[in-house]
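S.K.: Mind looking over this structure? Questions follow.
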Amino acid sequence: MNSPGVTIDRDVKTDELVINMGPQHPSTHGVLRVILKTDGEICLDAQPEIGYLHRCAEKIAENLVYGQFVPYTDRMDYVSGMGCNLGYCLAVEQIAGIQAPLRAEYLRIIVTELNRIASHLLAFGTYGIDTGAITPFLYGFREREMILDLLEMLCGARLTYSYIRIGGVDGDVPPGFIDKLREFIDIFPGKIREYNKLLTFNHIFMKRTTGIGVLSPETAIAYGVTGPNLRGSGVRRDVRRDEPYSVYPKLEFDVPVGTTQHGGPLGDAWNRYYIRMKELEESTKILKQCVEQMPQGPIMAEKVGRVKPPAKTEGYMRSENARGELGFYVVSDGTMQPVRVKVRAPSFSNISVLPEIVRGQMLADVVAIIGSLDIVLGEIDR
Amino acid sequence: MNELANFLPTVLSRSGLTVPSALIPVLAMFLCASIMAAFMGLSAAVLVWAERKLAGHFQCRLGPVYVGGKFGWLQSIADGIKLLLKEDIIPDQADRPLFRLAPYPVVIGVLLAFIAVPFSEKLMVTDFNIGVFFILAVLTVEVFGVILAGWASNNKWALLGAMRAAVQMVSYEIPMGLAILPVVVMAQSLSLKTIVAAQSGGALHWFVFQPPFFMAVSFLIFFIAGLASLKRAPFDLPEAESELTAGFHTEYSGMRFSFFFMAEYAGMLLVSAVASALYLGGWHGILPGQESVWWFLAKTGFLIFVMIWIRWTLPRLRIDQIVYVGWKVLTPFVLACVVGQSLWATLR
């Protein structure tokens with residue numbers, strides 16, 4: 001890599017090659033298309049092209065009653081659907097003045113944190129594949145399977161849950177659920193150590209990911225990057241801590257940020273990846289506290305029935321999903337259908353930073369950088 | 001092969017066939033070639049199955065279980081039939097003759113190299129006096145096929161894969177060739193048979209355990225460079241699936257694809273076999289006096305297991321790292337080994 005300020009005069013000029021990466025490519029994590037301009041193995045420019053998965057979700061919302069839009073939010077960030085459910089329901093509850101009962105709030109946090117773990121495990125596994133190690137994927141899926149089983153016990157679905165409803169949750173925990181959850185919380189820290197041994201501190205893996213795709217805190221903030229990607233750049237920003245919603249004020253957890261202890265700069269691909277591994281531990285802590293603190297009681301607010309927020313009210317609710325700050329902006333005109341629903345999807349901002357951090361890296365690094373941003377195309381296009 | 005040629009007339013006369021004596025060597029050649037080809041095909045099939053099965057168990061799953069009873073041992077036969085029956089697609093804008101030609105050099109290189117592999121004292125096709133050199137030389141033919149395939153496919157990913165293959169080959173042929181020299185210095189011969197014969201008398205006489213351990217280092221280097229020349233993980237850049245979809249064989253399908261596939265597995269067998277002949281005593285057992293082809297196969301099998309193990313554990317290197325490791329790590333070390341072993345041999 002050339003150090004800045006040093007220019008090399010080349011006698012022989014090589015042709016630039018424009019390569020179309022995607023929309024069908026093994027490591028674009030969905031139907032993302034990246035137009036790469038390369039000089040041999042060095043990537044000069046990368047422009048992400050989105051829109052292949054656009055389903056007009058926001059427009060659909062305008063023609064549905066409030067409650068019916070919940071299943072569509074599942075299909076935005078389909079890797080952590082619970083977080084999307086929660087974000088939307090909180091936004092509607094805010095403008096409709098509904099308060100979910102305490103037990104429901106705890107259940108919501110349990111499922112979103114479980115889903116966050118599942119999502120980070122997927123990110124861990126696919127990142128392994130992106131860098132050429134296939135086995136971590138299967139290791140991650142082993143534990144993800146336990147989570148999906150738990151969520152299936154709860155609501156019957158394994159990917160698109162619609163478990164969180166406006167005013168509460170769909171149903172109380174079935175018998176045996178809490179025991180299985182406790183079992184998972186007990187074994188999971190050991191599994192995280194296993195992942196770290198297998199991939200995180202693997203010499204080749206660290207060499208591949210350290211110092212590439214460096215995202216400075218200023219650039220990250222300028223582009224609106226949030227979530228683990230922002231925290232990997234050393235900015236301690238987490239909606240769960242800064243503007244706590246639901247029962248997060250009662251829970252203790254750390255917000256891990258990027259380090260330079262691994263020998264690389266802040267905000268490189270390894271940092272972004274490692275934040276997710278740290279968050280696995282934090283989410284396990286949250287789960288543990290939730291299981292201990294969860295009270296008995298109803299799981300649905302009374303008289304929710306037909307959600308009809310007052311006319312000319314609008315509300316914006318932000319929540320911390322697995323990929324960053326997920327915002328729902330809901331405008332009501334007093335009818336049973338929203339006038340406008342706007343989603344602020346974290347992946348959309350996160351992918352926009354790609355051209356900034358890809359320039360001058362090797363072709364293999366492009367894959368490693370896209371993987372480290374951990375995007376979900378369903379959320380970007382909606 | 002010569003022994004077979006001597007032996008053939010007796011067999012033929014017993015079975016009542018008369019063959020002109022001039023044809024006997026030709027017949028022997030054909031027999032040897034078909035035995036080797038069948039052996040290679042069969043071992044590739046077994047290795048594919050073994051890799052899938054092992055990978056399954058490394059990854060907390062079962063691997064193939066259905067085809068052929070309990071352990072799915074017929075899986076690769078089923079795969080082979082599937083590949084045979086598949087449509088052979090040639091892309092519209094591809095360079096058709098080159099595209100068709102490309103798989104053959106890949107297979108031929110590996111097949112030819114098997115001629116010089118000593119399975120046991122008697123069981124080898126022929127004992128070249130330059131056996132090791134021959135194997136290295138014909139193995140290089142493979143990369144021509146790979147570059148041709150990448151170029152002829154008219155696919156940018158394939159082209160990138162081919163370029164990577166070329167870079168990798170240039171970087172790793174040299175340490176691989178040099179790694180053999182300490183053994184040649186020790187055995188005073190390039191013939192694989194003589195090299196193995198020099199290691200008789202139990203495990204302590206294997207070259208890998210010979211003080212001052214220059215050969216142990218060169219064994220490691222040979223193995224690593226061998227992995228790189230086979231394009232096995234962590235050096236599988238030319239076909240890095242997460243980066244280049246499938247690299248140089250992206251556009252290949254059906255039987256042409258399976259040629260690349262077969263060559264990779266036969267190559268694994270070849271590199272392991274050569275490594276166990278050069279450094280691990282070939283057909284000699286652990287205790288003095290033990291001599292059998294099974295020892296040779298066991299050692300080869302162990303090395304193949306290590307290759308599979310490495311593949312399903314490690315991430316992939318980047319192209320600049322590959323070149324760095326090849327030129328700045330392996331080559332200096334192997335040169336030191338060559339010089340050290342030569343000095344040791346002269347001074348002793």
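Labeling convention for the structure tokens: chains A, B, ... as they appear, residues from 1 per chain, ligands from 1 in order of appearance.
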Pick out the chain B residues within 12 Å of chain A. Count only C-alpha atoms. Give them as an MDAnalysis selection string.

M.R.: chainID B and resid 54:62 155:164 167 232:247 250 309:322 325

S.K.: Which residues come within 10 Å of Met255 in chain B, counting only C-alpha atoms, excluding same-chain residues fewer than 6 positions away, as a list in words?

M.R.: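 Result of the neighbour search: Gly80, Ile81, Lys82, Leu83, Leu84, Leu85, Lys86, Glu87, Asp88, Pro103, Phe261 and Met262 of chain B.
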
S.K.: Pick the closest to Ala179 in chain B from B:Leu287, B:Ala336, B:Leu101, B:Ala22: which is it, counting only C-alpha atoms?

M.R.: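 Closest to Ala179 in chain B of all the choices is B:Ala336.
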
S.K.: For Met336 in chain A, work out the shell of residues within 10 Å, counting only C-alpha atoms and skipping chain neighbours fewer than 2 positions away, then give it as number ranges by chain.

M.R.: A: 62-67, 306-310, 332-334, 338-339

S.K.: Would you write out those residues with all heavy atoms, as a CSV table (one decimal), in the first residue's frame?

M.R.:
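After the write, out.csv holds the following:
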chain,number,residue,atom,x,y,z
A,62,GLU,N,-49.4,2.9,4.3
A,62,GLU,CA,-50.5,4.0,4.2
A,62,GLU,C,-51.8,3.4,3.9
A,62,GLU,O,-52.8,4.1,4.0
A,62,GLU,CB,-50.1,5.0,3.1
A,62,GLU,CG,-48.8,5.8,3.5
A,62,GLU,CD,-48.3,6.6,2.4
A,62,GLU,OE1,-49.0,6.8,1.4
A,62,GLU,OE2,-47.1,7.0,2.5
A,63,ASN,N,-51.9,2.1,3.5
A,63,ASN,CA,-53.1,1.5,3.1
A,63,ASN,C,-53.5,0.4,4.1
A,63,ASN,O,-54.4,-0.4,3.8
A,63,ASN,CB,-53.1,1.0,1.7
A,63,ASN,CG,-52.8,2.1,0.7
A,63,ASN,OD1,-53.6,3.0,0.6
A,63,ASN,ND2,-51.7,2.0,0.0
A,64,LEU,N,-52.8,0.3,5.2
A,64,LEU,CA,-53.2,-0.7,6.1
A,64,LEU,C,-53.5,-0.1,7.5
A,64,LEU,O,-53.0,1.0,7.8
A,64,LEU,CB,-52.0,-1.7,6.3
A,64,LEU,CG,-51.5,-2.5,5.1
A,64,LEU,CD1,-50.2,-3.2,5.5
A,64,LEU,CD2,-52.6,-3.5,4.8
A,65,VAL,N,-54.3,-0.8,8.3
A,65,VAL,CA,-54.5,-0.3,9.6
A,65,VAL,C,-53.2,-0.5,10.4
A,65,VAL,O,-52.4,-1.4,10.0
A,65,VAL,CB,-55.7,-0.9,10.3
A,65,VAL,CG1,-56.9,-0.6,9.6
A,65,VAL,CG2,-55.5,-2.4,10.5
A,66,TYR,N,-53.0,0.2,11.5
A,66,TYR,CA,-51.7,0.2,12.2
A,66,TYR,C,-51.2,-1.2,12.5
A,66,TYR,O,-50.0,-1.5,12.2
A,66,TYR,CB,-51.8,1.0,13.4
A,66,TYR,CG,-51.8,2.5,13.2
A,66,TYR,CD1,-53.0,3.2,13.1
A,66,TYR,CD2,-50.7,3.2,13.0
A,66,TYR,CE1,-53.1,4.6,12.8
A,66,TYR,CE2,-50.7,4.6,12.7
A,66,TYR,CZ,-51.9,5.2,12.7
A,66,TYR,OH,-51.9,6.6,12.4
A,67,GLY,N,-52.0,-2.0,13.0
A,67,GLY,CA,-51.6,-3.3,13.5
A,67,GLY,C,-51.1,-4.2,12.3
A,67,GLY,O,-50.3,-5.1,12.5
A,306,ARG,N,-58.8,-1.2,18.4
A,306,ARG,CA,-58.6,-0.5,17.2
A,306,ARG,C,-57.6,0.7,17.5
A,306,ARG,O,-58.0,1.6,18.2
A,306,ARG,CB,-59.9,0.0,16.6
A,306,ARG,CG,-60.7,-1.1,16.0
A,306,ARG,CD,-62.2,-0.8,16.1
A,306,ARG,NE,-62.5,0.5,15.5
A,306,ARG,CZ,-63.7,0.9,15.3
A,306,ARG,NH1,-64.7,0.1,15.6
A,306,ARG,NH2,-63.9,2.1,14.8
A,307,VAL,N,-56.5,0.7,16.9
A,307,VAL,CA,-55.5,1.7,17.2
A,307,VAL,C,-55.9,2.9,16.4
A,307,VAL,O,-56.0,2.8,15.1
A,307,VAL,CB,-54.1,1.3,16.9
A,307,VAL,CG1,-53.1,2.4,17.2
A,307,VAL,CG2,-53.7,0.0,17.6
A,308,LYS,N,-56.2,4.0,17.0
A,308,LYS,CA,-56.6,5.2,16.3
A,308,LYS,C,-56.0,6.4,17.0
A,308,LYS,O,-56.6,7.1,17.9
A,308,LYS,CB,-58.2,5.3,16.4
A,308,LYS,CG,-58.8,5.8,15.2
A,308,LYS,CD,-60.3,5.6,15.4
A,308,LYS,CE,-61.1,6.1,14.2
A,308,LYS,NZ,-62.5,6.0,14.4
A,309,PRO,N,-54.8,6.8,16.6
A,309,PRO,CA,-54.1,7.9,17.2
A,309,PRO,C,-54.9,9.2,16.9
A,309,PRO,O,-55.5,9.3,15.9
A,309,PRO,CB,-52.7,7.9,16.6
A,309,PRO,CG,-52.6,6.6,15.9
A,309,PRO,CD,-53.9,6.2,15.6
A,310,PRO,N,-54.8,10.2,17.8
A,310,PRO,CA,-55.5,11.5,17.5
A,310,PRO,C,-55.0,12.1,16.2
A,310,PRO,O,-53.9,11.8,15.7
A,310,PRO,CB,-55.1,12.4,18.7
A,310,PRO,CG,-54.4,11.5,19.7
A,310,PRO,CD,-54.0,10.2,19.0
A,332,SER,N,-50.2,10.5,11.8
A,332,SER,CA,-51.6,10.1,11.9
A,332,SER,C,-52.5,11.2,11.5
A,332,SER,O,-52.2,12.4,11.7
A,332,SER,CB,-51.9,9.6,13.3
A,332,SER,OG,-53.3,9.7,13.5
A,333,ASP,N,-53.6,10.9,10.9
A,333,ASP,CA,-54.7,11.9,10.6
A,333,ASP,C,-55.9,11.6,11.3
A,333,ASP,O,-57.0,12.1,11.0
A,333,ASP,CB,-54.9,12.0,9.1
A,333,ASP,CG,-55.4,10.7,8.5
A,333,ASP,OD1,-55.4,9.7,9.2
A,333,ASP,OD2,-55.8,10.7,7.3
A,334,GLY,N,-55.8,10.7,12.3
A,334,GLY,CA,-57.0,10.4,13.1
A,334,GLY,C,-57.8,9.3,12.6
A,334,GLY,O,-58.8,8.8,13.3
A,338,PRO,N,-52.2,5.0,9.0
A,338,PRO,CA,-51.3,6.1,9.0
A,338,PRO,C,-51.2,6.8,7.7
A,338,PRO,O,-51.5,6.3,6.7
A,338,PRO,CB,-49.9,5.4,9.3
A,338,PRO,CG,-50.1,4.0,8.9
A,338,PRO,CD,-51.5,3.7,9.0
A,339,VAL,N,-51.0,8.2,7.8
A,339,VAL,CA,-50.8,8.9,6.6
A,339,VAL,C,-49.5,8.7,6.0
A,339,VAL,O,-49.3,8.6,4.7
A,339,VAL,CB,-51.0,10.4,6.9
A,339,VAL,CG1,-50.7,11.3,5.7
A,339,VAL,CG2,-52.4,10.7,7.4

S.K.: Go through range 38-141 of chain B residue by residue and, counting only C-alpha atoms, keep those with an atom at most 12 Å from range 217-227 of chain B; for each kept residue give the shortest atom pair and its distance in Å to one decimal, ordered by chain and increasing number, as a Markdown table.

M.R.:
| residue | atom | partner | partner_atom | distance |
| --- | --- | --- | --- | --- |
| B:Leu136 | CA | B:Gly226 | CA | 10.3 |
| B:Leu139 | CA | B:Gly226 | CA | 10.4 |
| B:Thr140 | CA | B:Gly226 | CA | 11.6 |

S.K.: Leaving out Phe188 in chain A and any residue of its chain fewer than 3 positions from it, which residues lie within 8 Å of it when counting only C-alpha atoms, given as a list in words?

M.R.: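 My reading of the contact set: Glu143, Phe184, Ile185, Lys191, Ile192 and Thr284 of chain A.
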
S.K.: Excluding range 256-265 of chain A and its own-chain neighbours fewer than 4 positions away, which residues fall within 12 Å of it when counting only C-alpha atoms? Please give them as a ChimeraX atom specification.

M.R.: /A:200-203,205-217,227-238,241,269-283

S.K.: By how many Å are CA of Val293 in chain B and CA of Met124 in chain B apart?

M.R.: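 Calculated distance between CA of Val293 in chain B and CA of Met124 in chain B is 10.4 Å.
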
S.K.: So, counting only C-alpha atoms, which residue among B:Ser229, B:Gln93, B:Ser191, B:Ser34 is closest to Glu264 in chain B?

M.R.: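 Of all the options, B:Ser229 lies closest to Glu264 in chain B.
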
S.K.: Determine which residues of range 21-141 of chain B receive a DSSP assignment of alpha helix (DSSP H), computed from the backbone, and state them as a PyMOL selection string.

M.R.: chain B and resi 24-58+75-85+96-101+103-113+131-141

S.K.: List the spatial neighbours of range 44-52 of chain A as a list in words - criterion: any atom at most 8 Å away, only C-alpha atoms, same-chain residues fewer than 3 positions off excluded.

M.R.: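 Returned residues: Pro23, Val31, Leu32, Arg33, Val34, Ile35, Leu36, Lys37, Thr38, Asp39, Ile351, Ser352, Leu354, Pro355, Val358, Arg359, Gly360, Gln361, Ile380 and Asp381 of chain A.
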
S.K.: Now that the selection is made, can you save its residues with N, CA, C and O atoms as a PDB file, in the first residue's frame?

M.R.:
ATOM      1  N   PRO A  23     -25.793  -8.203  -8.985  1.00  0.00           N
ATOM      2  CA  PRO A  23     -26.541  -8.544  -7.771  1.00  0.00           C
ATOM      3  C   PRO A  23     -26.484 -10.015  -7.375  1.00  0.00           C
ATOM      4  O   PRO A  23     -26.884 -10.331  -6.271  1.00  0.00           O
ATOM      5  N   VAL A  31     -29.099  -8.934  -2.569  1.00  0.00           N
ATOM      6  CA  VAL A  31     -29.058  -8.466  -3.944  1.00  0.00           C
ATOM      7  C   VAL A  31     -28.465  -7.072  -4.034  1.00  0.00           C
ATOM      8  O   VAL A  31     -29.074  -6.159  -4.562  1.00  0.00           O
ATOM      9  N   LEU A  32     -27.280  -6.922  -3.524  1.00  0.00           N
ATOM     10  CA  LEU A  32     -26.554  -5.665  -3.670  1.00  0.00           C
ATOM     11  C   LEU A  32     -25.695  -5.762  -4.921  1.00  0.00           C
ATOM     12  O   LEU A  32     -25.133  -6.810  -5.222  1.00  0.00           O
ATOM     13  N   ARG A  33     -25.640  -4.652  -5.662  1.00  0.00           N
ATOM     14  CA  ARG A  33     -24.754  -4.640  -6.811  1.00  0.00           C
ATOM     15  C   ARG A  33     -23.710  -3.565  -6.560  1.00  0.00           C
ATOM     16  O   ARG A  33     -24.063  -2.429  -6.209  1.00  0.00           O
ATOM     17  N   VAL A  34     -22.468  -3.928  -6.692  1.00  0.00           N
ATOM     18  CA  VAL A  34     -21.399  -2.962  -6.500  1.00  0.00           C
ATOM     19  C   VAL A  34     -20.644  -2.847  -7.807  1.00  0.00           C
ATOM     20  O   VAL A  34     -20.203  -3.867  -8.358  1.00  0.00           O
ATOM     21  N   ILE A  35     -20.512  -1.642  -8.313  1.00  0.00           N
ATOM     22  CA  ILE A  35     -19.746  -1.454  -9.543  1.00  0.00           C
ATOM     23  C   ILE A  35     -18.322  -1.112  -9.129  1.00  0.00           C
ATOM     24  O   ILE A  35     -18.059  -0.056  -8.556  1.00  0.00           O
ATOM     25  N   LEU A  36     -17.429  -2.049  -9.407  1.00  0.00           N
ATOM     26  CA  LEU A  36     -16.043  -1.894  -8.978  1.00  0.00           C
ATOM     27  C   LEU A  36     -15.211  -1.399 -10.140  1.00  0.00           C
ATOM     28  O   LEU A  36     -15.350  -1.879 -11.263  1.00  0.00           O
ATOM     29  N   LYS A  37     -14.345  -0.457  -9.844  1.00  0.00           N
ATOM     30  CA  LYS A  37     -13.365  -0.053 -10.838  1.00  0.00           C
ATOM     31  C   LYS A  37     -12.032  -0.532 -10.302  1.00  0.00           C
ATOM     32  O   LYS A  37     -11.618  -0.124  -9.214  1.00  0.00           O
ATOM     33  N   THR A  38     -11.391  -1.424 -11.025  1.00  0.00           N
ATOM     34  CA  THR A  38     -10.179  -2.018 -10.461  1.00  0.00           C
ATOM     35  C   THR A  38      -9.001  -1.817 -11.387  1.00  0.00           C
ATOM     36  O   THR A  38      -9.145  -1.699 -12.603  1.00  0.00           O
ATOM     37  N   ASP A  39      -7.833  -1.782 -10.762  1.00  0.00           N
ATOM     38  CA  ASP A  39      -6.586  -1.813 -11.502  1.00  0.00           C
ATOM     39  C   ASP A  39      -5.892  -3.084 -11.042  1.00  0.00           C
ATOM     40  O   ASP A  39      -5.257  -3.102  -9.999  1.00  0.00           O
ATOM     41  N   ILE A 351     -24.243   1.377   4.347  1.00  0.00           N
ATOM     42  CA  ILE A 351     -23.678   0.998   3.040  1.00  0.00           C
ATOM     43  C   ILE A 351     -23.219   2.235   2.283  1.00  0.00           C
ATOM     44  O   ILE A 351     -22.306   2.167   1.452  1.00  0.00           O
ATOM     45  N   SER A 352     -23.803   3.403   2.607  1.00  0.00           N
ATOM     46  CA  SER A 352     -23.436   4.609   1.849  1.00  0.00           C
ATOM     47  C   SER A 352     -21.989   5.000   2.086  1.00  0.00           C
ATOM     48  O   SER A 352     -21.401   5.738   1.302  1.00  0.00           O
ATOM     49  N   LEU A 354     -19.550   2.968   2.007  1.00  0.00           N
ATOM     50  CA  LEU A 354     -18.661   1.992   1.333  1.00  0.00           C
ATOM     51  C   LEU A 354     -17.640   2.622   0.385  1.00  0.00           C
ATOM     52  O   LEU A 354     -16.450   2.327   0.506  1.00  0.00           O
ATOM     53  N   PRO A 355     -18.054   3.519  -0.555  1.00  0.00           N
ATOM     54  CA  PRO A 355     -17.047   4.056  -1.476  1.00  0.00           C
ATOM     55  C   PRO A 355     -15.917   4.772  -0.746  1.00  0.00           C
ATOM     56  O   PRO A 355     -14.762   4.704  -1.162  1.00  0.00           O
ATOM     57  N   VAL A 358     -13.470   2.030   0.739  1.00  0.00           N
ATOM     58  CA  VAL A 358     -12.998   0.936  -0.100  1.00  0.00           C
ATOM     59  C   VAL A 358     -11.840   1.362  -0.987  1.00  0.00           C
ATOM     60  O   VAL A 358     -10.991   0.555  -1.355  1.00  0.00           O
ATOM     61  N   ARG A 359     -11.750   2.640  -1.283  1.00  0.00           N
ATOM     62  CA  ARG A 359     -10.768   3.113  -2.257  1.00  0.00           C
ATOM     63  C   ARG A 359      -9.353   2.720  -1.880  1.00  0.00           C
ATOM     64  O   ARG A 359      -8.912   2.912  -0.760  1.00  0.00           O
ATOM     65  N   GLY A 360      -8.648   2.164  -2.866  1.00  0.00           N
ATOM     66  CA  GLY A 360      -7.251   1.814  -2.660  1.00  0.00           C
ATOM     67  C   GLY A 360      -7.021   0.481  -1.989  1.00  0.00           C
ATOM     68  O   GLY A 360      -5.882   0.075  -1.789  1.00  0.00           O
ATOM     69  N   GLN A 361      -8.092  -0.212  -1.627  1.00  0.00           N
ATOM     70  CA  GLN A 361      -7.909  -1.522  -1.004  1.00  0.00           C
ATOM     71  C   GLN A 361      -7.844  -2.602  -2.074  1.00  0.00           C
ATOM     72  O   GLN A 361      -8.150  -2.355  -3.235  1.00  0.00           O
ATOM     73  N   ILE A 380     -32.361  -2.050   3.487  1.00  0.00           N
ATOM     74  CA  ILE A 380     -31.905  -0.930   2.686  1.00  0.00           C
ATOM     75  C   ILE A 380     -32.983  -0.535   1.681  1.00  0.00           C
ATOM     76  O   ILE A 380     -33.304   0.642   1.512  1.00  0.00           O
ATOM     77  N   ASP A 381     -33.550  -1.526   1.000  1.00  0.00           N
ATOM     78  CA  ASP A 381     -34.526  -1.230  -0.046  1.00  0.00           C
ATOM     79  C   ASP A 381     -35.950  -1.106   0.480  1.00  0.00           C
ATOM     80  O   ASP A 381     -36.747  -0.350  -0.055  1.00  0.00           O
TER      81      ASP A 381
END

S.K.: When distances are computed from only C-alpha atoms, which of B:Leu343, B:Leu192, B:Ile286, B:Ala152 shows the smallest separation from Asp95 in chain B?

M.R.: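 Once distances to Asp95 in chain B are computed over only C-alpha atoms, the minimum belongs to B:Ala152.
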
S.K.: Enter the distance from CA of Val146 in chain B to CA of Ser272 in chain B, in Å, rounded to one decimal.

M.R.: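 That distance, rounded to one decimal, is 21.3 Å.
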
S.K.: Of the residues B:Gly282, B:Gly150, B:Pro25, B:Pro211, which is the one nearest to Phe99 in chain B, using only C-alpha atoms?

M.R.: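 That would be B:Gly150, the residue with the smallest distance to Phe99 in chain B.
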
S.K.: Apply DSSP to the structure's backbone, then extract all residues of range 152-183 of chain A labelled strand (DSSP E or B) and return them as a PDB file with N, CA and C atoms, in the first residue's frame.

M.R.:
ATOM      1  N   ILE A 164     -44.160  -9.046  18.423  1.00  0.00           N
ATOM      2  CA  ILE A 164     -44.432  -7.832  19.175  1.00  0.00           C
ATOM      3  C   ILE A 164     -45.587  -7.101  18.505  1.00  0.00           C
ATOM      4  N   ARG A 165     -46.596  -6.837  19.272  1.00  0.00           N
ATOM      5  CA  ARG A 165     -47.790  -6.170  18.743  1.00  0.00           C
ATOM      6  C   ARG A 165     -47.920  -4.796  19.370  1.00  0.00           C
ATOM      7  N   GLY A 168     -48.315  -4.535  23.347  1.00  0.00           N
ATOM      8  CA  GLY A 168     -47.815  -5.675  24.112  1.00  0.00           C
ATOM      9  C   GLY A 168     -47.151  -6.693  23.220  1.00  0.00           C
ATOM     10  N   VAL A 169     -47.332  -7.951  23.574  1.00  0.00           N
ATOM     11  CA  VAL A 169     -46.795  -9.015  22.739  1.00  0.00           C
ATOM     12  C   VAL A 169     -47.905 -10.000  22.428  1.00  0.00           C
TER      13      VAL A 169
END

S.K.: Could you jot down the CA of Phe39 in chain B to CA of Glu142 in chain B separation for me, Å, one decimal place?

M.R.: 19.2 Å
